[in-house]
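K.L.:
mmCIF, C-alpha atoms and all ligand atoms, saved as data.cif, coming up:
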data_target
loop_
_atom_site.label_atom_id
_atom_site.label_comp_id
_atom_site.auth_asym_id
_atom_site.auth_seq_id
_atom_site.Cartn_x
_atom_site.Cartn_y
_atom_site.Cartn_z
CA MET A 1 116.24 80.51 99.17
CA GLU A 2 112.50 81.10 99.21
CA HIS A 3 111.09 83.10 96.33
CA LYS A 4 110.45 86.76 97.07
CA TYR A 5 107.89 88.61 94.93
CA ASP A 6 108.29 92.26 93.96
CA LEU A 7 104.63 92.73 94.80
CA VAL A 8 102.00 90.60 96.48
CA VAL A 9 98.39 91.65 96.04
CA ILE A 10 96.17 90.48 98.90
CA GLY A 11 92.66 89.96 97.51
CA GLY A 12 91.64 88.70 94.09
CA GLY A 13 88.61 90.95 93.59
CA PRO A 14 88.31 93.13 90.47
CA VAL A 15 90.59 95.81 91.92
CA GLY A 16 93.29 93.40 93.11
CA LEU A 17 93.20 91.64 89.74
CA PHE A 18 93.65 94.92 87.89
CA ALA A 19 96.58 95.84 90.16
CA ALA A 20 98.22 92.47 89.40
CA TYR A 21 97.68 92.98 85.66
CA PHE A 22 99.06 96.53 85.73
CA ALA A 23 102.10 95.34 87.70
CA GLY A 24 102.63 92.43 85.29
CA MET A 25 102.52 94.85 82.38
CA ARG A 26 105.43 96.66 84.04
CA SER A 27 107.40 93.40 84.31
CA ALA A 28 106.97 93.09 88.06
CA ASP A 29 107.17 89.66 89.64
CA VAL A 30 103.68 89.60 91.15
CA ALA A 31 101.46 87.21 93.10
CA VAL A 32 97.77 87.36 94.04
CA VAL A 33 96.57 85.81 97.28
CA GLU A 34 92.85 85.05 97.57
CA SER A 35 91.05 83.43 100.48
CA LEU A 36 88.17 82.03 98.38
CA PRO A 37 88.44 79.12 95.94
CA GLN A 38 87.59 81.55 93.11
CA LEU A 39 88.75 84.97 91.88
CA GLY A 40 86.54 88.01 91.32
CA GLY A 41 85.69 89.11 94.86
CA GLN A 42 82.20 90.53 95.42
CA VAL A 43 81.52 90.52 91.70
CA SER A 44 81.85 86.73 91.43
CA ALA A 45 80.51 85.88 94.88
CA LEU A 46 77.58 88.27 95.24
CA PHE A 47 76.25 89.32 91.83
CA PRO A 48 77.78 87.28 88.98
CA GLU A 49 74.61 87.40 86.87
CA LYS A 50 73.96 91.16 87.20
CA ASN A 51 74.90 93.72 84.57
CA ILE A 52 77.44 96.42 85.37
CA TYR A 53 77.02 99.72 83.53
CA ASP A 54 79.50 102.05 85.21
CA VAL A 55 82.90 100.91 83.98
CA GLY A 56 84.36 103.31 81.42
CA GLY A 57 84.43 102.10 77.83
CA ILE A 58 82.12 99.15 78.50
CA PRO A 59 78.47 99.84 77.57
CA GLY A 60 77.22 97.15 79.97
CA ILE A 61 78.65 93.79 80.95
CA LYS A 62 77.53 90.79 82.95
CA ALA A 63 79.51 90.84 86.21
CA LYS A 64 80.96 87.37 85.66
CA ASP A 65 82.09 88.39 82.15
CA LEU A 66 83.95 91.39 83.56
CA VAL A 67 85.88 88.99 85.81
CA LYS A 68 86.40 86.61 82.88
CA ASN A 69 87.87 89.48 80.85
CA GLN A 70 90.14 90.43 83.73
CA LEU A 71 91.40 86.85 83.95
CA THR A 72 92.09 86.88 80.20
CA GLN A 73 94.08 90.11 80.68
CA LEU A 74 96.03 88.53 83.53
CA GLU A 75 96.94 85.43 81.52
CA ALA A 76 99.34 87.53 79.46
CA PHE A 77 101.62 87.90 82.49
CA GLN A 78 100.93 84.65 84.37
CA PRO A 79 101.20 85.98 87.91
CA GLU A 80 101.30 83.39 90.66
CA VAL A 81 97.79 82.95 92.09
CA PHE A 82 97.31 81.42 95.53
CA LEU A 83 93.66 80.40 96.01
CA GLU A 84 92.10 79.34 99.31
CA THR A 85 94.94 81.22 100.95
CA SER A 86 94.08 83.73 103.67
CA VAL A 87 96.63 86.25 104.82
CA GLN A 88 96.61 86.23 108.58
CA SER A 89 99.47 88.56 109.46
CA ILE A 90 102.11 90.71 107.79
CA GLU A 91 105.51 90.65 109.47
CA GLU A 92 108.42 92.92 108.61
CA ASN A 93 111.68 91.08 108.04
CA GLY A 94 115.11 92.42 109.05
CA ASP A 95 115.81 93.52 105.45
CA GLY A 96 112.71 95.77 105.34
CA ASP A 97 110.75 93.29 103.20
CA TYR A 98 107.75 91.32 104.38
CA SER A 99 106.58 87.82 105.27
CA LEU A 100 102.89 87.24 104.71
CA ILE A 101 101.75 84.56 107.11
CA THR A 102 98.88 82.62 105.54
CA ASN A 103 96.90 79.49 106.37
CA GLN A 104 98.98 77.78 103.64
CA GLY A 105 102.45 78.96 104.66
CA VAL A 106 104.68 82.01 104.30
CA ILE A 107 104.90 84.22 101.18
CA LEU A 108 107.77 86.72 100.87
CA ALA A 109 107.20 90.16 99.36
CA ARG A 110 109.19 93.32 98.70
CA SER A 111 105.96 95.30 98.65
CA ILE A 112 102.30 94.61 99.29
CA ILE A 113 99.00 95.92 97.98
CA ILE A 114 96.01 95.26 100.21
CA ALA A 115 92.84 94.84 98.12
CA ILE A 116 90.68 92.84 100.52
CA GLY A 117 87.44 94.75 99.98
CA ASN A 118 85.24 94.37 103.03
CA GLY A 119 87.35 91.48 104.25
CA ALA A 120 87.43 87.73 103.85
CA PHE A 121 84.16 86.26 102.68
CA ALA A 122 82.47 83.25 104.20
CA PRO A 123 79.13 81.91 102.95
CA ARG A 124 76.27 81.95 105.44
CA LYS A 125 75.78 78.30 106.25
CA LEU A 126 72.65 76.25 106.85
CA ALA A 127 71.49 76.54 110.45
CA PHE A 128 71.48 72.79 111.14
CA ASP A 129 74.13 70.06 111.04
CA TYR A 130 74.46 67.71 108.11
CA ASP A 131 77.00 65.16 106.91
CA PRO A 132 80.08 67.13 105.66
CA GLU A 133 80.46 64.49 102.94
CA LEU A 134 77.47 66.13 101.18
CA GLU A 135 79.67 69.19 100.55
CA HIS A 136 82.68 67.10 99.55
CA ASN A 137 80.68 65.15 96.95
CA GLY A 138 79.12 68.37 95.57
CA MET A 139 75.52 67.63 96.59
CA VAL A 140 75.52 70.75 98.78
CA ASP A 141 77.23 73.82 97.35
CA TYR A 142 77.64 77.42 98.45
CA PHE A 143 79.33 78.54 95.20
CA ILE A 144 78.38 77.82 91.63
CA SER A 145 81.19 79.16 89.49
CA ASP A 146 80.16 77.16 86.41
CA LEU A 147 76.41 76.86 85.76
CA ASP A 148 77.09 74.16 83.21
CA THR A 149 77.83 71.69 86.02
CA CYS A 150 74.05 71.80 86.72
CA ARG A 151 73.02 70.99 83.15
CA GLY A 152 70.22 68.38 83.04
CA GLN A 153 70.14 68.11 86.85
CA LYS A 154 67.44 68.58 89.47
CA ILE A 155 68.52 71.58 91.50
CA ALA A 156 67.16 73.06 94.72
CA ILE A 157 68.11 76.60 95.67
CA ALA A 158 67.73 77.84 99.24
CA GLY A 159 67.36 81.59 99.67
CA GLY A 160 65.11 84.51 98.85
CA GLY A 161 67.44 87.36 97.92
CA ASP A 162 68.64 88.77 94.64
CA SER A 163 71.34 86.22 94.10
CA ALA A 164 69.06 83.22 94.85
CA VAL A 165 66.50 84.53 92.34
CA ASP A 166 69.23 85.29 89.76
CA CYS A 167 70.65 81.80 90.28
CA ALA A 168 67.20 80.20 89.74
CA LEU A 169 66.68 82.22 86.54
CA ALA A 170 70.13 81.39 85.23
CA LEU A 171 69.64 77.66 85.86
CA GLU A 172 66.05 77.43 84.63
CA PRO A 173 66.95 77.02 80.92
CA ILE A 174 69.71 74.47 81.50
CA ALA A 175 68.69 72.38 84.52
CA ASP A 176 66.11 69.61 84.29
CA GLN A 177 64.23 71.09 87.24
CA VAL A 178 64.78 74.06 89.54
CA THR A 179 63.07 74.46 92.91
CA ILE A 180 63.57 77.55 95.03
CA ILE A 181 62.90 77.34 98.75
CA HIS A 182 62.35 80.44 100.86
CA ARG A 183 61.08 80.94 104.37
CA ARG A 184 58.87 83.90 103.39
CA ASP A 185 56.18 84.24 100.74
CA GLN A 186 57.87 87.38 99.36
CA PHE A 187 61.25 87.29 97.66
CA ARG A 188 63.71 90.13 98.23
CA GLY A 189 65.00 90.05 94.66
CA LEU A 190 64.52 92.74 92.01
CA GLU A 191 60.76 92.92 91.26
CA SER A 192 61.20 92.29 87.53
CA SER A 193 63.40 89.24 88.24
CA VAL A 194 60.92 87.82 90.75
CA THR A 195 58.06 88.24 88.23
CA LYS A 196 60.17 86.56 85.55
CA MET A 197 60.89 83.69 87.92
CA GLU A 198 57.21 83.32 88.87
CA ASN A 199 56.34 83.02 85.18
CA SER A 200 59.09 80.49 84.49
CA ARG A 201 59.51 76.73 85.03
CA VAL A 202 61.04 77.37 88.47
CA GLN A 203 59.06 75.63 91.20
CA ILE A 204 58.52 77.87 94.19
CA LYS A 205 58.28 76.43 97.70
CA THR A 206 57.28 79.10 100.24
CA PRO A 207 57.11 79.58 103.18
CA PHE A 208 59.37 76.64 103.91
CA LEU A 209 62.48 76.12 106.01
CA LEU A 210 65.11 73.53 105.29
CA ASN A 211 64.94 70.97 108.02
CA GLN A 212 67.18 68.04 107.16
CA LEU A 213 69.49 66.71 104.43
CA HIS A 214 70.59 63.21 103.67
CA GLU A 215 71.77 61.11 100.74
CA GLN A 216 69.25 58.68 99.29
CA ASP A 217 69.88 56.46 96.25
CA HIS A 218 72.66 58.78 94.91
CA GLN A 219 70.39 61.81 95.26
CA LEU A 220 69.97 64.40 97.97
CA ALA A 221 66.81 64.18 100.05
CA VAL A 222 65.92 67.70 101.20
CA THR A 223 63.33 67.75 103.97
CA LEU A 224 61.35 70.98 104.22
CA LYS A 225 59.16 72.21 107.04
CA ARG A 226 56.32 74.62 106.35
CA VAL A 227 56.73 77.73 108.51
CA LYS A 228 54.42 77.80 111.56
CA SER A 229 53.17 74.31 110.81
CA ASP A 230 54.22 70.70 111.40
CA GLU A 231 53.90 69.85 107.71
CA LEU A 232 57.03 68.16 106.35
CA GLN A 233 57.84 67.56 102.68
CA THR A 234 60.85 65.83 101.15
CA ILE A 235 62.14 66.55 97.66
CA LEU A 236 64.83 64.58 95.87
CA VAL A 237 67.41 66.58 93.93
CA ASP A 238 70.91 66.18 92.50
CA LYS A 239 72.23 69.31 94.15
CA LEU A 240 71.27 71.92 96.73
CA ILE A 241 72.69 75.41 96.24
CA VAL A 242 72.57 77.41 99.45
CA ASN A 243 72.30 81.07 98.61
CA TYR A 244 72.02 82.82 101.96
CA GLY A 245 74.65 85.41 101.04
CA PHE A 246 78.09 85.98 102.46
CA THR A 247 79.49 87.60 105.54
CA ALA A 248 82.63 89.68 105.23
CA ASP A 249 84.97 90.28 108.11
CA SER A 250 87.59 93.03 107.96
CA ARG A 251 88.57 92.85 111.64
CA ILE A 252 91.84 91.22 110.60
CA LEU A 253 93.05 94.67 109.45
CA ARG A 254 93.40 95.65 113.11
CA GLN A 255 96.08 93.00 113.48
CA TRP A 256 98.14 94.23 110.52
CA GLY A 257 99.49 97.36 112.24
CA LEU A 258 97.64 99.67 109.85
CA GLU A 259 96.19 103.05 110.61
CA LEU A 260 92.46 102.77 110.00
CA LYS A 261 89.72 105.24 109.10
CA GLY A 262 86.69 103.59 110.66
CA VAL A 263 86.91 99.96 109.54
CA LYS A 264 88.86 100.75 106.35
CA VAL A 265 92.55 101.39 105.71
CA LYS A 266 93.63 105.00 105.73
CA VAL A 267 95.69 105.90 102.64
CA ASN A 268 97.22 109.06 101.19
CA THR A 269 96.91 110.13 97.55
CA LYS A 270 99.68 107.66 96.58
CA MET A 271 97.67 104.82 98.18
CA GLU A 272 100.36 104.49 100.83
CA THR A 273 99.39 103.18 104.26
CA ASN A 274 101.28 104.05 107.45
CA ARG A 275 103.51 100.96 106.90
CA PRO A 276 106.38 101.36 104.40
CA LYS A 277 105.88 99.61 101.04
CA ILE A 278 102.35 98.53 102.00
CA TYR A 279 99.63 100.10 99.86
CA ALA A 280 95.85 99.66 99.90
CA ILE A 281 93.18 100.07 97.22
CA GLY A 282 89.56 99.33 96.34
CA ASP A 283 86.78 98.84 98.85
CA ALA A 284 89.38 98.19 101.56
CA VAL A 285 90.35 101.88 101.78
CA ASP A 286 88.82 105.12 102.86
CA TYR A 287 89.74 108.74 102.17
CA GLU A 288 87.74 111.90 101.69
CA GLY A 289 85.42 111.45 98.74
CA LYS A 290 86.07 107.70 98.40
CA LEU A 291 83.44 105.77 96.41
CA ASP A 292 83.18 101.98 96.67
CA LEU A 293 83.04 101.45 92.92
CA ILE A 294 85.00 99.21 90.61
CA ALA A 295 85.95 102.21 88.45
CA THR A 296 87.38 104.03 91.48
CA GLY A 297 89.44 100.98 92.43
CA TYR A 298 90.65 100.61 88.84
CA GLY A 299 91.99 104.17 89.18
CA GLU A 300 93.68 103.49 92.51
CA ALA A 301 95.45 100.32 91.32
CA PRO A 302 97.92 102.00 88.87
CA ILE A 303 98.74 104.64 91.49
CA ALA A 304 99.59 101.99 94.10
CA VAL A 305 101.55 99.81 91.65
CA THR A 306 103.53 102.76 90.29
CA THR A 307 104.36 104.01 93.80
CA ALA A 308 105.39 100.49 94.86
CA LEU A 309 107.63 99.89 91.85
CA GLN A 310 109.22 103.35 92.06
CA THR A 311 109.99 102.63 95.72
CA ILE A 312 111.54 99.18 95.24
CA TYR A 313 113.25 100.04 91.91
CA PRO A 314 114.02 103.80 92.20
CA ASN A 315 116.37 103.75 89.20
CA LYS A 316 113.94 102.03 86.85
CA ILE A 317 111.87 104.68 85.09
CA GLN A 318 108.86 103.17 83.34
CA PRO A 319 106.53 104.83 80.83
CA VAL A 320 103.10 105.72 82.17
CA HIS A 321 101.15 104.75 79.06
CA SER A 322 100.64 101.21 77.83
CA THR A 323 100.86 102.57 74.28
CA SER A 324 104.52 103.36 75.01
CA LEU A 325 105.15 99.93 76.53
CA PHE A 326 104.16 97.74 73.59
CA ASN A 327 103.80 99.80 70.38
C1 LIG A 401 75.13 93.62 94.99
C2 LIG A 401 76.28 94.53 94.59
C3 LIG A 401 76.21 95.21 93.39
C4 LIG A 401 77.26 96.06 93.01
N1 LIG A 401 77.18 96.72 91.82
C5 LIG A 401 78.21 97.50 91.40
C6 LIG A 401 78.16 98.20 90.17
O1 LIG A 401 77.17 98.13 89.43
N2 LIG A 401 79.26 98.95 89.81
C7 LIG A 401 80.37 99.07 90.61
O2 LIG A 401 81.31 99.75 90.23
N3 LIG A 401 80.42 98.43 91.80
C8 LIG A 401 79.37 97.66 92.22
N4 LIG A 401 79.44 97.03 93.44
C9 LIG A 401 80.63 97.27 94.28
C10 LIG A 401 81.82 96.44 93.77
O3 LIG A 401 81.47 95.06 93.75
C11 LIG A 401 83.02 96.67 94.68
O4 LIG A 401 83.33 98.05 94.66
C12 LIG A 401 84.22 95.88 94.17
O5 LIG A 401 83.96 94.49 94.19
C13 LIG A 401 85.44 96.16 95.05
O6 LIG A 401 86.49 95.38 94.56
P1 LIG A 401 87.74 95.00 95.49
O7 LIG A 401 88.63 94.20 94.60
O8 LIG A 401 88.25 96.21 96.17
O9 LIG A 401 87.13 94.11 96.66
P2 LIG A 401 86.28 92.76 96.65
O10 LIG A 401 85.49 92.61 95.42
O11 LIG A 401 85.55 92.77 97.95
O12 LIG A 401 87.40 91.62 96.68
C14 LIG A 401 88.20 91.45 97.80
C15 LIG A 401 88.76 90.03 97.79
O13 LIG A 401 89.73 89.90 98.83
C16 LIG A 401 89.62 88.62 99.41
N5 LIG A 401 90.18 88.66 100.77
C17 LIG A 401 89.67 89.30 101.85
N6 LIG A 401 90.45 89.12 102.92
C18 LIG A 401 91.49 88.36 102.51
C19 LIG A 401 92.64 87.83 103.17
N7 LIG A 401 92.89 88.08 104.47
N8 LIG A 401 93.51 87.05 102.46
C20 LIG A 401 93.27 86.79 101.13
N9 LIG A 401 92.19 87.27 100.45
C21 LIG A 401 91.33 88.05 101.15
C22 LIG A 401 88.11 88.38 99.42
O14 LIG A 401 87.80 86.99 99.51
C23 LIG A 401 87.69 88.98 98.07
O15 LIG A 401 87.69 88.02 97.04
C24 LIG A 401 78.40 96.21 93.85
C25 LIG A 401 78.47 95.50 95.06
C26 LIG A 401 77.43 94.67 95.44
C27 LIG A 401 77.52 93.92 96.75
#
Hey, can you dump this file as structure tokens for me?

P.N.:
Amino acid sequence: MEHKYDLVVIGGGPVGLFAAYFAGMRSADVAVVESLPQLGGQVSALFPEKNIYDVGGIPGIKAKDLVKNQLTQLEAFQPEVFLETSVQSIEENGDGDYSLITNQGVILARSIIIAIGNGAFAPRKLAFDYDPELEHNGMVDYFISDLDTCRGQKIAIAGGGDSAVDCALALEPIADQVTIIHRRDQFRGLESSVTKMENSRVQIKTPFLLNQLHEQDHQLAVTLKRVKSDELQTILVDKLIVNYGFTADSRILRQWGLELKGVKVKVNTKMETNRPKIYAIGDAVDYEGKLDLIATGYGEAPIAVTTALQTIYPNKIQPVHSTSLFN
């Protein structure tokens, strides 16, 4: 018989991860399903190098370190983690439990917590065609989860926003050479970061558009076209990191039979949706006074987990405080 989890958390952002941890701490058999190849949601994908100052008890932490700490917490309970797995639909089975239909197969769940934030992320791609092999061999990347893979390399970064500038600054001390390419003369990053970048070793190519990519002598030849001019330049690098941001699409929620408030899931104070044993938390939900903050989602996660476990195991009374669980 196929394995059925007590609780499946859809979305491996900070809020989903905390829900999985909290459920693991209460001995639930839990799984996390994440559509990206990495965990951490917006925090990992959109601002890994920024500092977060509004999580209680933490004076300030680099976003990627917050996720790292959450993964360390999770390790204690070893929940099943399905990466690159997108939930497409949620079907009720005859026994009142659920089948999650994903691009990788079916996952069975007694209860579900939806923590999909603003929806599944997809990186904004380059506007022209190039050999897909360049992505497979790592010469073109839309995610850099480990900066160390760029150590000693020649890196080009395409983009002009916060995360492109942060990426250039983070790579500058470890890469052999960093070139940032942007179609405008002005960067949209934080002023202090842009100034720091301008005063660093980072080579700035503006206003240039990427025009063509091809492999040449085990390197990537990046052809650039100066905006409003016919001037072409080609630079040779080991890797191009495309940092045009991400698009998020939450339209899938409409297919999950959920009552919505605008584009978000409507929940009550127990984080219950209109479907039995399906809860929603984090940026995916809306209610009066809702704030899209990590701290808010961290508060919603224990409520949803506790409601879910009380519903599927009504006779199992669990202590509220972790101090009573382990001390
Ligand atoms: C630039 C920026 C700065 C920010 N700064 C702060 C800050 O300083 N402090 C703060 O508290 N908050 C900040 N936020 C907001 C914070 O990032 C969000 O509130 C938080 O990430 C919400 O977490 P979440 O887990 O609900 O959703 P998300 O982080 O959005 O994670 C949702 C996850 O679900 C996955 N997913 C979506 N659909 C599916 C599907 N169908 N199947 C499987 N997986 C799916 C997504 O890929 C994603 O990984 C900031 C946000 C941005 C963009």

K.L.:
Go through A:Val55, A:Asp162, A:Glu2, A:Met139 one by one, measure the shortest atom-to-atom distance of each to A:Met197 using all atoms listed in the file, and give the residue with the smallest value.

P.N.:
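Between A:Val55, A:Asp162, A:Glu2, A:Met139, the residue approaching A:Met197 most closely is A:Asp162.
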
K.L.:
Nearest to ligand LIG 401 (chain A) among A:Asp286, A:Asp95, A:Glu75, A:Glu231, with distances taken over all atoms listed in the file: which residue is it?

P.N.:
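Checking each candidate against ligand LIG 401 (chain A), we get A:Asp286 as the closest.
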
K.L.:
Please provide the set of residues having any atom within 7 Å of stretch 258-265 of chain A, restricted to all atoms listed in the file, with same-chain residues fewer than 4 positions apart removed, written as number ranges by chain.

P.N.:
A: 253-254, 273-275, 280, 284-286

K.L.:
Find the axis-aligned box for stretch 263-271 of chain A, covering all its listed atoms and adding 8 Å on each side, and write its centre and edge lengths in Å to one decimal as AutoDock Vina command-line options.

P.N.:
--center_x 93.3 --center_y 105.0 --center_z 103.1 --size_x 28.8 --size_y 26.2 --size_z 29.0

K.L.:
Can I get the residues close to ligand LIG 401 (chain A) as JSON, numbers by chain, where close means within 6 Å and we count all atoms listed in the file?

P.N.:
{"A": [10, 11, 12, 13, 14, 15, 16, 33, 34, 35, 36, 40, 41, 42, 43, 46, 47, 52, 54, 85, 86, 87, 88, 115, 116, 117, 118, 119, 120, 121, 282, 283, 284, 292, 293, 294, 295]}

K.L.:
Neighbours of A:Pro173 within 10 Å (all atoms listed in the file; same-chain residues fewer than 2 positions away dropped), as a VMD selection string?

P.N.:
chain A and resid 151 to 152 168 to 171 175 to 178 200 to 202

K.L.:
May I ask which of the residues A:Val242, A:Leu213, A:Ile312, A:Val32 is the closest one to A:Ile181, counting all atoms listed in the file?

P.N.:
A:Val242

K.L.:
Here is a test: counting all atoms listed in the file, which residue of A:Ala109, A:Val8, A:Ile144, A:Tyr313 is nearest to A:Gln38?

P.N.:
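Ranked by minimum distance to A:Gln38, first place goes to A:Ile144.
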
K.L.:
Excluding A:Ala156 and any residue of its chain fewer than 2 positions from it, enumerate the residues within 10 Å of it, using only C-alpha atoms, and give them as a ChimeraX atom specification.

P.N.:
/A:140,153-154,158-159,168,177-181,202-205,220,222,235-242

K.L.:
Which residue is closest to A:Gln186? Choose from A:Val165, A:Ile107, A:Ala308, A:Ala20 and count only C-alpha atoms.

P.N.:
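Closest to A:Gln186 of all the choices is A:Val165.
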